[in-house]
Amino acid sequence: MKRTNTKPKMSIPNPLEFILSSFIMELAIDLGTANTRIHVKNKGIILNEPTVISRQERGGKVVAVGLQAEEMLGRAPKNIITSRPLEHGVISDFDMAEALLEYFFKKLQRQPGRFPFPLFPRVLIGIPAGVTEVERKAVVDAGLSAGARRVFLVEEPMAAAIGADLKIKEAKANLILDIGAGTSEVAVVSWGGVVVSKSTPIAGDEINNTIVNWIRERFNVLVGDKSAEVLKKQLNVHADDQNSPLTIRGRNLNSGLPKEIQVERDELRQALHRPVQQIIELVRDIIEETPPELVADLVHTGLVLSGGGAKLAGIDQLLAENLEIPVRIAESPELCVIRGLSQILENPKLLEKVQVAWGR
Ligand SMILES: Nc1ncnc2c1ncn2[C@@H]1O[C@H](COP(=O)(O)OP(=O)(O)OP(=O)(O)O)[C@@H](O)[C@H]1O
Ligand SMILES: [Mg+2]
């Protein structure tokens with residue numbers, strides 16, 4: 001996916017908005033495929049929960065959202081449907097995305113000592129770079145129907161770069177790679193703007209799927225997503241200094257009974273070679289598209305990793321070896337986007353500069 005440059009719309013403050021501004025709840029939201037993080041202006045990140053919602057099959061009544069809903073994944077009774085309303089960073093189920101945001105807004109208002117009366121927040125939401133106009137508008141509409149008074153959008157790689165403390169205002173190239181659950185996004189940021197960006201649907205979820213499929217083919221055992229994720233977190237994709245095999249439990253597809261298997265680290269590493277290589281290729285492609293003067297900067301500024309997938313052990317070493325530039329993992333990489341969005345929310349001039357239009 002390539003980024004199209006769009007001119008931000010001007011926000012025109014009106015007098016009522018000015019008077020209300022001291023009472024208004026302002027939120028920054030990282031609406032991720034796997035996790036939603038919300039920052040409340042002047043208060044900090046006060047919500048960090050899975051982007052999961054459970055509802056009754058009949059009538060669609062919401063029964064659980066976030067952490068509680070995630071616990072129901074794969075365990076809930078038949079009449080309850082548990083789903084993730086986002087796929088590859090964009091809304092795939094509008095009604096459920098709206099219900100999830102509405103639930104989170106209400107939860108923030110219910111917090112003791114906070115917002116004792118209903119408020120219609122101004123919200124800033126991160127979106128993947130290069131999404132379509134329709135996908136952008138879906139995020140805005142979900143925010144508005146969930147109760148937001150106003151919605152602003154910022155591209156996630158820009159937010160991630162700010163949240164990773166990159167010197168984005170300087171005329172130097174900064175390369176950021178955000179590996180989330182549904183998308184990996186890479187961007188070159190310079191002079192306070194995104195020069196070039198690219199994304200791929202190969203990220204944490206795809207690595208989990210690859211593990212599930214490989215174990216089914218190799219051992220004839222079906223394992224769940226959560227078990228695959230636990231296995232992934234124990235493997236170093238570059239090289240392991242320990243040899244002990246990894247243990248995982250699933251269902252033997254011949255007998256239908258539970259089975260525990262031992263997985264050799266080397267074999268699993270090989271099985272994950274393809275998705276990991278696809279992420280490396282994404283960064284290689286963007287370096288090839290970067291103007292030569294900026295490429296020269298990258299030898300010094302290197303690549304910074306954000307997103308939960310940056311915690312995949314060894315991914316930094318593999319990237320450094322393959323791309324021959326320094327690679328650094330940002331502090332708490334999974335929080336880079338929300339940290340960046342919160343800095344943008346607190347700084348109206350920066351917001352004016354980096355927000356993207358959404359066609360209204
Ligand atoms: N220690 C770890 N090792 C490997 N992967 C990890 C680790 N911790 C988290 N992850 C992965 O990080 C991903 C979640 O990251 P993050 O919360 O940044 O995604 P997201 O923002 O919800 O998704 P996206 O940005 O794609 O919409 C999951 O795929 C998870 O498995
Ligand atoms: Mg993300």
# chains A, B, ... in the order shown; residues from 1 in each chain; ligands from 1
$ residues_around --residues "segment 89-105 of chain A" --least-positions-apart "4" --cutoff "7 Å" --atoms "only C-alpha atoms" --output "PyMOL selection string"
chain A and resi 32-33+53+65+85+109+128+135+138-139+142-143+145-147+182-183
$ residues_near_ligand --ligand "ligand 1" --cutoff "6 Å" --atoms "only C-alpha atoms and all ligand atoms" --output "PyMOL selection string"
chain A and resi 32-35+88-89+180-183+204-205+229+232-233+307-309+311-312+334
$ write_last_selection --atoms "all heavy atoms" --output "compact mmCIF listing (two decimals), in the first residue's frame"
# COMPACT_ATOMS: atom_id res chain seq x y z
N GLY A 32 -6.02 -0.43 17.75
CA GLY A 32 -5.21 -1.45 17.06
C GLY A 32 -6.00 -2.71 16.77
O GLY A 32 -7.06 -2.94 17.35
N THR A 33 -5.47 -3.54 15.89
CA THR A 33 -6.13 -4.80 15.54
C THR A 33 -6.26 -5.70 16.77
O THR A 33 -7.28 -6.35 16.97
CB THR A 33 -5.30 -5.55 14.46
OG1 THR A 33 -4.97 -4.62 13.43
CG2 THR A 33 -6.05 -6.72 13.89
N ALA A 34 -5.23 -5.69 17.63
CA ALA A 34 -5.26 -6.55 18.82
C ALA A 34 -5.56 -5.78 20.10
O ALA A 34 -6.21 -6.30 20.99
CB ALA A 34 -3.92 -7.28 18.97
N ASN A 35 -5.05 -4.54 20.19
CA ASN A 35 -5.18 -3.79 21.45
C ASN A 35 -5.61 -2.35 21.21
O ASN A 35 -5.15 -1.72 20.26
CB ASN A 35 -3.82 -3.77 22.17
CG ASN A 35 -3.36 -5.17 22.51
OD1 ASN A 35 -3.99 -5.87 23.28
ND2 ASN A 35 -2.27 -5.60 21.88
N HIS A 88 -6.31 -6.22 10.02
CA HIS A 88 -5.18 -5.51 9.39
C HIS A 88 -5.25 -4.00 9.61
O HIS A 88 -5.06 -3.20 8.69
CB HIS A 88 -5.11 -5.84 7.89
CG HIS A 88 -4.99 -7.31 7.65
ND1 HIS A 88 -4.01 -8.07 8.24
CD2 HIS A 88 -5.73 -8.17 6.92
CE1 HIS A 88 -4.15 -9.33 7.88
NE2 HIS A 88 -5.19 -9.42 7.09
N GLY A 89 -5.62 -3.61 10.82
CA GLY A 89 -5.58 -2.20 11.21
C GLY A 89 -6.78 -1.38 10.77
O GLY A 89 -6.88 -0.21 11.11
N GLY A 180 2.71 -4.52 14.32
CA GLY A 180 1.55 -4.70 15.19
C GLY A 180 1.07 -6.13 15.11
O GLY A 180 1.85 -7.06 14.86
N ALA A 181 -0.24 -6.31 15.32
CA ALA A 181 -0.82 -7.64 15.18
C ALA A 181 -1.30 -7.85 13.75
O ALA A 181 -1.11 -8.90 13.16
CB ALA A 181 -1.98 -7.79 16.15
N GLY A 182 -1.94 -6.81 13.17
CA GLY A 182 -2.55 -6.95 11.85
C GLY A 182 -1.75 -6.35 10.72
O GLY A 182 -1.96 -6.73 9.55
N THR A 183 -0.88 -5.40 11.00
CA THR A 183 -0.08 -4.79 9.94
C THR A 183 1.33 -4.47 10.44
O THR A 183 1.52 -4.19 11.61
CB THR A 183 -0.65 -3.43 9.44
OG1 THR A 183 -0.86 -2.59 10.57
CG2 THR A 183 -1.91 -3.56 8.64
N GLY A 204 2.16 -9.71 13.65
CA GLY A 204 2.05 -10.71 14.73
C GLY A 204 1.00 -11.79 14.49
O GLY A 204 1.26 -12.97 14.73
N ASP A 205 -0.20 -11.42 14.01
CA ASP A 205 -1.26 -12.42 13.77
C ASP A 205 -0.82 -13.44 12.74
O ASP A 205 -1.08 -14.64 12.86
CB ASP A 205 -2.53 -11.73 13.22
CG ASP A 205 -3.32 -11.02 14.31
OD1 ASP A 205 -3.01 -11.20 15.49
OD2 ASP A 205 -4.25 -10.26 13.95
N GLU A 229 0.72 -18.15 20.22
CA GLU A 229 1.31 -16.88 20.67
C GLU A 229 2.30 -17.11 21.82
O GLU A 229 3.37 -16.50 21.86
CB GLU A 229 0.18 -15.93 21.09
CG GLU A 229 0.67 -14.68 21.75
CD GLU A 229 0.02 -13.41 21.24
OE1 GLU A 229 -0.61 -13.43 20.18
OE2 GLU A 229 0.18 -12.40 21.93
N LYS A 232 5.43 -18.44 20.31
CA LYS A 232 6.16 -17.36 19.60
C LYS A 232 6.99 -16.54 20.58
O LYS A 232 8.14 -16.18 20.27
CB LYS A 232 5.12 -16.48 18.89
CG LYS A 232 5.68 -15.20 18.30
CD LYS A 232 4.61 -14.44 17.53
CE LYS A 232 3.68 -13.64 18.41
NZ LYS A 232 2.74 -12.82 17.64
N LYS A 233 6.43 -16.26 21.74
CA LYS A 233 7.11 -15.39 22.71
C LYS A 233 8.32 -16.08 23.36
O LYS A 233 9.11 -15.42 24.01
CB LYS A 233 6.13 -14.91 23.78
CG LYS A 233 5.13 -13.91 23.23
CD LYS A 233 4.17 -13.42 24.29
CE LYS A 233 3.24 -12.37 23.71
NZ LYS A 233 2.15 -12.03 24.61
N GLY A 307 5.69 -1.05 18.18
CA GLY A 307 4.62 -2.05 18.09
C GLY A 307 4.98 -3.28 18.91
O GLY A 307 6.16 -3.55 19.16
N GLY A 308 3.96 -4.03 19.33
CA GLY A 308 4.19 -5.22 20.15
C GLY A 308 5.10 -6.23 19.47
O GLY A 308 5.87 -6.94 20.12
N GLY A 309 5.03 -6.30 18.13
CA GLY A 309 5.85 -7.26 17.37
C GLY A 309 7.34 -6.96 17.44
O GLY A 309 8.17 -7.83 17.14
N LYS A 311 8.84 -6.81 19.99
CA LYS A 311 9.35 -7.61 21.12
C LYS A 311 9.66 -9.06 20.69
O LYS A 311 10.09 -9.86 21.51
CB LYS A 311 8.32 -7.61 22.25
CG LYS A 311 8.14 -6.19 22.79
CD LYS A 311 7.60 -6.08 24.17
CE LYS A 311 6.28 -6.39 24.51
NZ LYS A 311 5.61 -5.96 25.65
N LEU A 312 9.41 -9.38 19.41
CA LEU A 312 9.75 -10.71 18.90
C LEU A 312 11.27 -10.87 19.02
O LEU A 312 12.03 -10.16 18.34
CB LEU A 312 9.30 -10.82 17.43
CG LEU A 312 9.49 -12.16 16.74
CD1 LEU A 312 8.61 -13.23 17.38
CD2 LEU A 312 9.16 -12.05 15.25
N GLU A 334 5.21 -1.22 22.31
CA GLU A 334 3.76 -1.34 22.04
C GLU A 334 3.02 -0.05 22.39
O GLU A 334 1.86 0.13 22.01
CB GLU A 334 3.18 -2.55 22.79
CG GLU A 334 3.06 -2.43 24.30
CD GLU A 334 4.39 -2.63 25.05
OE1 GLU A 334 5.46 -2.70 24.40
OE2 GLU A 334 4.33 -2.70 26.29
$ select_by_dssp --residues "segment 203-291 of chain A" --states "strand (DSSP E)" --output "PyMOL selection string"
chain A and resi 221-222+246-252+258-263
$ write_last_selection --atoms "N, CA, C and O atoms" --output "compact mmCIF listing (two decimals), in the first residue's frame"
# COMPACT_ATOMS: atom_id res chain seq x y z
N VAL A 221 -1.52 -31.94 14.62
CA VAL A 221 -2.11 -31.47 15.88
C VAL A 221 -2.65 -30.06 15.66
O VAL A 221 -1.99 -29.23 15.03
N LEU A 222 -3.87 -29.83 16.15
CA LEU A 222 -4.46 -28.49 16.01
C LEU A 222 -4.26 -27.72 17.32
O LEU A 222 -4.73 -28.16 18.36
N LEU A 246 10.50 -26.66 22.77
CA LEU A 246 9.36 -25.95 23.33
C LEU A 246 8.17 -26.90 23.39
O LEU A 246 8.02 -27.76 22.52
N THR A 247 7.34 -26.71 24.41
CA THR A 247 6.19 -27.61 24.59
C THR A 247 4.90 -26.88 24.24
O THR A 247 4.72 -25.73 24.59
N ILE A 248 4.02 -27.58 23.53
CA ILE A 248 2.71 -26.98 23.21
C ILE A 248 1.64 -28.08 23.22
O ILE A 248 1.93 -29.24 22.88
N ARG A 249 0.44 -27.69 23.64
CA ARG A 249 -0.66 -28.68 23.68
C ARG A 249 -1.74 -28.33 22.67
O ARG A 249 -2.00 -27.15 22.44
N GLY A 250 -2.33 -29.38 22.11
CA GLY A 250 -3.42 -29.16 21.16
C GLY A 250 -4.26 -30.41 21.03
O GLY A 250 -4.25 -31.27 21.93
N ARG A 251 -4.98 -30.51 19.89
CA ARG A 251 -5.83 -31.70 19.70
C ARG A 251 -5.26 -32.55 18.57
O ARG A 251 -5.01 -32.04 17.46
N ASN A 252 -5.03 -33.85 18.89
CA ASN A 252 -4.56 -34.79 17.88
C ASN A 252 -5.67 -34.96 16.83
O ASN A 252 -6.78 -35.37 17.17
N PRO A 258 -6.63 -34.76 23.39
CA PRO A 258 -5.56 -33.79 23.66
C PRO A 258 -4.19 -34.43 23.49
O PRO A 258 -4.01 -35.61 23.79
N LYS A 259 -3.23 -33.62 23.02
CA LYS A 259 -1.87 -34.14 22.85
C LYS A 259 -0.86 -33.04 23.14
O LYS A 259 -1.06 -31.88 22.76
N GLU A 260 0.24 -33.45 23.82
CA GLU A 260 1.31 -32.49 24.08
C GLU A 260 2.47 -32.83 23.15
O GLU A 260 2.84 -34.00 23.02
N ILE A 261 3.04 -31.81 22.48
CA ILE A 261 4.17 -32.10 21.58
C ILE A 261 5.37 -31.23 21.94
O ILE A 261 5.23 -30.17 22.55
N GLN A 262 6.55 -31.72 21.53
CA GLN A 262 7.79 -30.98 21.74
C GLN A 262 8.23 -30.43 20.39
O GLN A 262 8.28 -31.16 19.40
N VAL A 263 8.54 -29.14 20.34
CA VAL A 263 8.92 -28.50 19.08
C VAL A 263 10.37 -28.08 19.16
O VAL A 263 10.77 -27.39 20.10
$ residues_around --residues "Gly66 of chain A" --least-positions-apart "2" --cutoff "10 Å" --atoms "only C-alpha atoms" --output "list of chain:residue names"
A:Ala34, A:Asn35, A:Thr36, A:Leu47, A:Asn48, A:Glu49, A:Pro50, A:Thr51, A:Val52, A:Ile53, A:Ser54, A:Ala64, A:Gln68, A:Ala69, A:Glu70, A:Glu71, A:Arg84, A:Leu100, A:Tyr103, A:Phe104
$ write_last_selection --atoms "N, CA, C and O atoms" --output "mmCIF file, in the first residue's frame"
data_model
loop_
_atom_site.group_PDB
_atom_site.id
_atom_site.type_symbol
_atom_site.label_atom_id
_atom_site.label_comp_id
_atom_site.auth_asym_id
_atom_site.auth_seq_id
_atom_site.Cartn_x
_atom_site.Cartn_y
_atom_site.Cartn_z
ATOM 1 N N ALA A 34 -5.234 -5.691 17.628
ATOM 2 C CA ALA A 34 -5.260 -6.555 18.818
ATOM 3 C C ALA A 34 -5.557 -5.779 20.096
ATOM 4 O O ALA A 34 -6.214 -6.302 20.991
ATOM 5 N N ASN A 35 -5.054 -4.538 20.188
ATOM 6 C CA ASN A 35 -5.182 -3.788 21.448
ATOM 7 C C ASN A 35 -5.610 -2.353 21.214
ATOM 8 O O ASN A 35 -5.150 -1.719 20.262
ATOM 9 N N THR A 36 -6.475 -1.866 22.135
ATOM 10 C CA THR A 36 -6.885 -0.469 22.089
ATOM 11 C C THR A 36 -6.306 0.244 23.305
ATOM 12 O O THR A 36 -6.399 -0.258 24.426
ATOM 13 N N LEU A 47 -6.389 3.511 29.648
ATOM 14 C CA LEU A 47 -7.052 2.284 29.207
ATOM 15 C C LEU A 47 -6.141 1.561 28.219
ATOM 16 O O LEU A 47 -5.567 2.186 27.332
ATOM 17 N N ASN A 48 -5.964 0.267 28.425
ATOM 18 C CA ASN A 48 -5.132 -0.552 27.533
ATOM 19 C C ASN A 48 -5.730 -1.951 27.547
ATOM 20 O O ASN A 48 -5.467 -2.734 28.452
ATOM 21 N N GLU A 49 -6.601 -2.223 26.577
ATOM 22 C CA GLU A 49 -7.336 -3.488 26.595
ATOM 23 C C GLU A 49 -7.417 -4.093 25.195
ATOM 24 O O GLU A 49 -7.297 -3.371 24.201
ATOM 25 N N PRO A 50 -7.627 -5.413 25.125
ATOM 26 C CA PRO A 50 -7.752 -6.039 23.799
ATOM 27 C C PRO A 50 -8.936 -5.460 23.007
ATOM 28 O O PRO A 50 -9.966 -5.115 23.598
ATOM 29 N N THR A 51 -8.763 -5.355 21.691
ATOM 30 C CA THR A 51 -9.832 -4.880 20.807
ATOM 31 C C THR A 51 -10.753 -6.066 20.508
ATOM 32 O O THR A 51 -10.744 -6.625 19.407
ATOM 33 N N VAL A 52 -11.500 -6.471 21.521
ATOM 34 C CA VAL A 52 -12.351 -7.661 21.390
ATOM 35 C C VAL A 52 -13.706 -7.336 22.000
ATOM 36 O O VAL A 52 -13.787 -6.629 23.003
ATOM 37 N N ILE A 53 -14.760 -7.866 21.381
ATOM 38 C CA ILE A 53 -16.115 -7.603 21.879
ATOM 39 C C ILE A 53 -16.945 -8.893 21.789
ATOM 40 O O ILE A 53 -16.814 -9.644 20.822
ATOM 41 N N SER A 54 -17.763 -9.137 22.813
ATOM 42 C CA SER A 54 -18.645 -10.312 22.816
ATOM 43 C C SER A 54 -20.079 -9.831 22.836
ATOM 44 O O SER A 54 -20.414 -8.918 23.584
ATOM 45 N N ALA A 64 -19.665 -8.349 26.755
ATOM 46 C CA ALA A 64 -18.345 -8.061 27.333
ATOM 47 C C ALA A 64 -17.476 -7.367 26.291
ATOM 48 O O ALA A 64 -17.643 -7.567 25.089
ATOM 49 N N GLN A 68 -12.296 -8.672 29.424
ATOM 50 C CA GLN A 68 -13.326 -9.658 29.766
ATOM 51 C C GLN A 68 -13.742 -10.448 28.517
ATOM 52 O O GLN A 68 -13.917 -11.658 28.578
ATOM 53 N N ALA A 69 -13.878 -9.745 27.393
ATOM 54 C CA ALA A 69 -14.292 -10.407 26.150
ATOM 55 C C ALA A 69 -13.189 -11.334 25.653
ATOM 56 O O ALA A 69 -13.465 -12.432 25.141
ATOM 57 N N GLU A 70 -11.932 -10.920 25.822
ATOM 58 C CA GLU A 70 -10.825 -11.763 25.340
ATOM 59 C C GLU A 70 -10.803 -13.097 26.072
ATOM 60 O O GLU A 70 -10.518 -14.144 25.485
ATOM 61 N N GLU A 71 -11.139 -13.058 27.364
ATOM 62 C CA GLU A 71 -11.165 -14.303 28.133
ATOM 63 C C GLU A 71 -12.219 -15.261 27.582
ATOM 64 O O GLU A 71 -12.128 -16.470 27.750
ATOM 65 N N ARG A 84 -13.181 -9.742 16.881
ATOM 66 C CA ARG A 84 -12.339 -8.553 16.810
ATOM 67 C C ARG A 84 -12.894 -7.703 15.679
ATOM 68 O O ARG A 84 -12.953 -8.167 14.536
ATOM 69 N N LEU A 100 -17.760 -1.020 20.640
ATOM 70 C CA LEU A 100 -16.549 -1.118 21.473
ATOM 71 C C LEU A 100 -16.104 0.268 21.941
ATOM 72 O O LEU A 100 -15.830 0.489 23.125
ATOM 73 N N TYR A 103 -18.520 1.675 24.510
ATOM 74 C CA TYR A 103 -18.324 1.040 25.810
ATOM 75 C C TYR A 103 -17.108 1.654 26.518
ATOM 76 O O TYR A 103 -17.165 1.974 27.704
ATOM 77 N N PHE A 104 -16.015 1.835 25.766
ATOM 78 C CA PHE A 104 -14.811 2.402 26.380
ATOM 79 C C PHE A 104 -15.044 3.858 26.822
ATOM 80 O O PHE A 104 -14.599 4.256 27.891
#
$ atom_distance --atom1 "atom CA of Val295 of chain A" --atom2 "atom CA of Ile176 of chain A"
13.3 Å
$ atom_distance --atom1 "atom CA of Pro121 of chain A" --atom2 "atom CA of Leu153 of chain A"
14.2 Å
$ atom_distance --atom1 "atom CA of Ser227 of chain A" --atom2 "atom CA of Leu257 of chain A"
16.5 Å
$ select_by_dssp --residues "segment 185-217 of chain A" --states "alpha helix (DSSP H)" --output "NGL selection string"
:A and (204-217)
$ write_last_selection --atoms "N, CA, C and O atoms" --output "mmCIF file, in the first residue's frame"
data_model
loop_
_atom_site.group_PDB
_atom_site.id
_atom_site.type_symbol
_atom_site.label_atom_id
_atom_site.label_comp_id
_atom_site.auth_asym_id
_atom_site.auth_seq_id
_atom_site.Cartn_x
_atom_site.Cartn_y
_atom_site.Cartn_z
ATOM 1 N N GLY A 204 2.156 -9.715 13.650
ATOM 2 C CA GLY A 204 2.046 -10.706 14.727
ATOM 3 C C GLY A 204 0.997 -11.795 14.489
ATOM 4 O O GLY A 204 1.257 -12.975 14.729
ATOM 5 N N ASP A 205 -0.197 -11.420 14.009
ATOM 6 C CA ASP A 205 -1.262 -12.418 13.771
ATOM 7 C C ASP A 205 -0.816 -13.439 12.737
ATOM 8 O O ASP A 205 -1.084 -14.637 12.862
ATOM 9 N N GLU A 206 -0.160 -12.955 11.672
ATOM 10 C CA GLU A 206 0.261 -13.836 10.581
ATOM 11 C C GLU A 206 1.320 -14.825 11.092
ATOM 12 O O GLU A 206 1.355 -15.990 10.675
ATOM 13 N N ILE A 207 2.170 -14.349 12.000
ATOM 14 C CA ILE A 207 3.182 -15.253 12.572
ATOM 15 C C ILE A 207 2.477 -16.334 13.401
ATOM 16 O O ILE A 207 2.804 -17.517 13.304
ATOM 17 N N ASN A 208 1.459 -15.926 14.170
ATOM 18 C CA ASN A 208 0.676 -16.933 14.930
ATOM 19 C C ASN A 208 0.019 -17.940 13.983
ATOM 20 O O ASN A 208 0.058 -19.146 14.220
ATOM 21 N N ASN A 209 -0.590 -17.432 12.890
ATOM 22 C CA ASN A 209 -1.247 -18.336 11.923
ATOM 23 C C ASN A 209 -0.243 -19.312 11.327
ATOM 24 O O ASN A 209 -0.552 -20.489 11.128
ATOM 25 N N THR A 210 0.962 -18.799 11.026
ATOM 26 C CA THR A 210 1.991 -19.662 10.430
ATOM 27 C C THR A 210 2.338 -20.783 11.409
ATOM 28 O O THR A 210 2.497 -21.945 10.999
ATOM 29 N N ILE A 211 2.401 -20.453 12.704
ATOM 30 C CA ILE A 211 2.720 -21.489 13.712
ATOM 31 C C ILE A 211 1.598 -22.541 13.758
ATOM 32 O O ILE A 211 1.864 -23.743 13.730
ATOM 33 N N VAL A 212 0.337 -22.063 13.773
ATOM 34 C CA VAL A 212 -0.802 -22.998 13.830
ATOM 35 C C VAL A 212 -0.776 -23.941 12.627
ATOM 36 O O VAL A 212 -0.893 -25.170 12.776
ATOM 37 N N ASN A 213 -0.576 -23.367 11.427
ATOM 38 C CA ASN A 213 -0.588 -24.187 10.201
ATOM 39 C C ASN A 213 0.579 -25.164 10.160
ATOM 40 O O ASN A 213 0.430 -26.322 9.755
ATOM 41 N N TRP A 214 1.748 -24.677 10.586
ATOM 42 C CA TRP A 214 2.931 -25.539 10.541
ATOM 43 C C TRP A 214 2.784 -26.725 11.493
ATOM 44 O O TRP A 214 3.084 -27.867 11.143
ATOM 45 N N ILE A 215 2.256 -26.453 12.700
ATOM 46 C CA ILE A 215 2.096 -27.549 13.672
ATOM 47 C C ILE A 215 1.055 -28.561 13.177
ATOM 48 O O ILE A 215 1.218 -29.770 13.339
ATOM 49 N N ARG A 216 0.022 -28.046 12.514
ATOM 50 C CA ARG A 216 -0.992 -28.974 11.981
ATOM 51 C C ARG A 216 -0.358 -29.884 10.922
ATOM 52 O O ARG A 216 -0.554 -31.099 10.917
ATOM 53 N N GLU A 217 0.438 -29.307 10.035
ATOM 54 C CA GLU A 217 1.049 -30.117 8.969
ATOM 55 C C GLU A 217 2.153 -31.031 9.498
ATOM 56 O O GLU A 217 2.261 -32.181 9.090
#
$ closest_residue --among "A:Ile325, A:Ile162, A:Ile127, A:Leu341" --to "His300 of chain A" --atoms "only C-alpha atoms"
A:Ile325
$ decode --residues "segment 24-30 of chain A" --atoms "all heavy atoms" --output "short mmCIF file (atom, residue, chain, number, x, y, z; two decimals), in the first residue's frame"
data_model
loop_
_atom_site.label_atom_id
_atom_site.label_comp_id
_atom_site.auth_asym_id
_atom_site.auth_seq_id
_atom_site.Cartn_x
_atom_site.Cartn_y
_atom_site.Cartn_z
N ILE A 24 -14.21 19.79 28.53
CA ILE A 24 -14.31 18.73 27.53
C ILE A 24 -13.26 17.65 27.72
O ILE A 24 -12.10 17.94 27.98
CB ILE A 24 -14.23 19.35 26.11
CG1 ILE A 24 -15.57 20.00 25.80
CG2 ILE A 24 -13.90 18.31 25.06
CD1 ILE A 24 -15.53 20.89 24.60
N MET A 25 -13.69 16.41 27.59
CA MET A 25 -12.75 15.30 27.67
C MET A 25 -12.09 15.16 26.29
O MET A 25 -12.77 15.09 25.28
CB MET A 25 -13.54 14.03 28.01
CG MET A 25 -12.70 12.79 28.04
SD MET A 25 -13.49 11.44 28.94
CE MET A 25 -14.83 11.00 27.86
N GLU A 26 -10.78 15.17 26.28
CA GLU A 26 -10.07 15.00 25.01
C GLU A 26 -9.29 13.70 25.07
O GLU A 26 -8.55 13.46 26.02
CB GLU A 26 -9.14 16.19 24.76
CG GLU A 26 -9.92 17.47 24.64
CD GLU A 26 -9.15 18.54 23.90
OE1 GLU A 26 -8.15 18.23 23.24
OE2 GLU A 26 -9.57 19.70 23.99
N LEU A 27 -9.48 12.89 24.04
CA LEU A 27 -8.87 11.56 24.06
C LEU A 27 -7.99 11.33 22.84
O LEU A 27 -8.28 11.81 21.75
CB LEU A 27 -9.97 10.49 24.01
CG LEU A 27 -11.11 10.55 25.01
CD1 LEU A 27 -12.11 9.44 24.70
CD2 LEU A 27 -10.58 10.39 26.42
N ALA A 28 -6.93 10.56 23.06
CA ALA A 28 -6.15 10.02 21.94
C ALA A 28 -6.38 8.51 21.96
O ALA A 28 -6.34 7.90 23.03
CB ALA A 28 -4.67 10.34 22.12
N ILE A 29 -6.66 7.94 20.80
CA ILE A 29 -6.99 6.51 20.76
C ILE A 29 -6.12 5.78 19.74
O ILE A 29 -6.09 6.14 18.56
CB ILE A 29 -8.48 6.29 20.38
CG1 ILE A 29 -9.38 7.09 21.33
CG2 ILE A 29 -8.84 4.81 20.42
CD1 ILE A 29 -10.86 6.98 20.99
N ASP A 30 -5.42 4.74 20.21
CA ASP A 30 -4.73 3.83 19.30
C ASP A 30 -5.65 2.62 19.16
O ASP A 30 -5.69 1.75 20.03
CB ASP A 30 -3.37 3.44 19.89
CG ASP A 30 -2.67 2.35 19.05
OD1 ASP A 30 -3.17 2.04 17.96
OD2 ASP A 30 -1.64 1.83 19.51
#
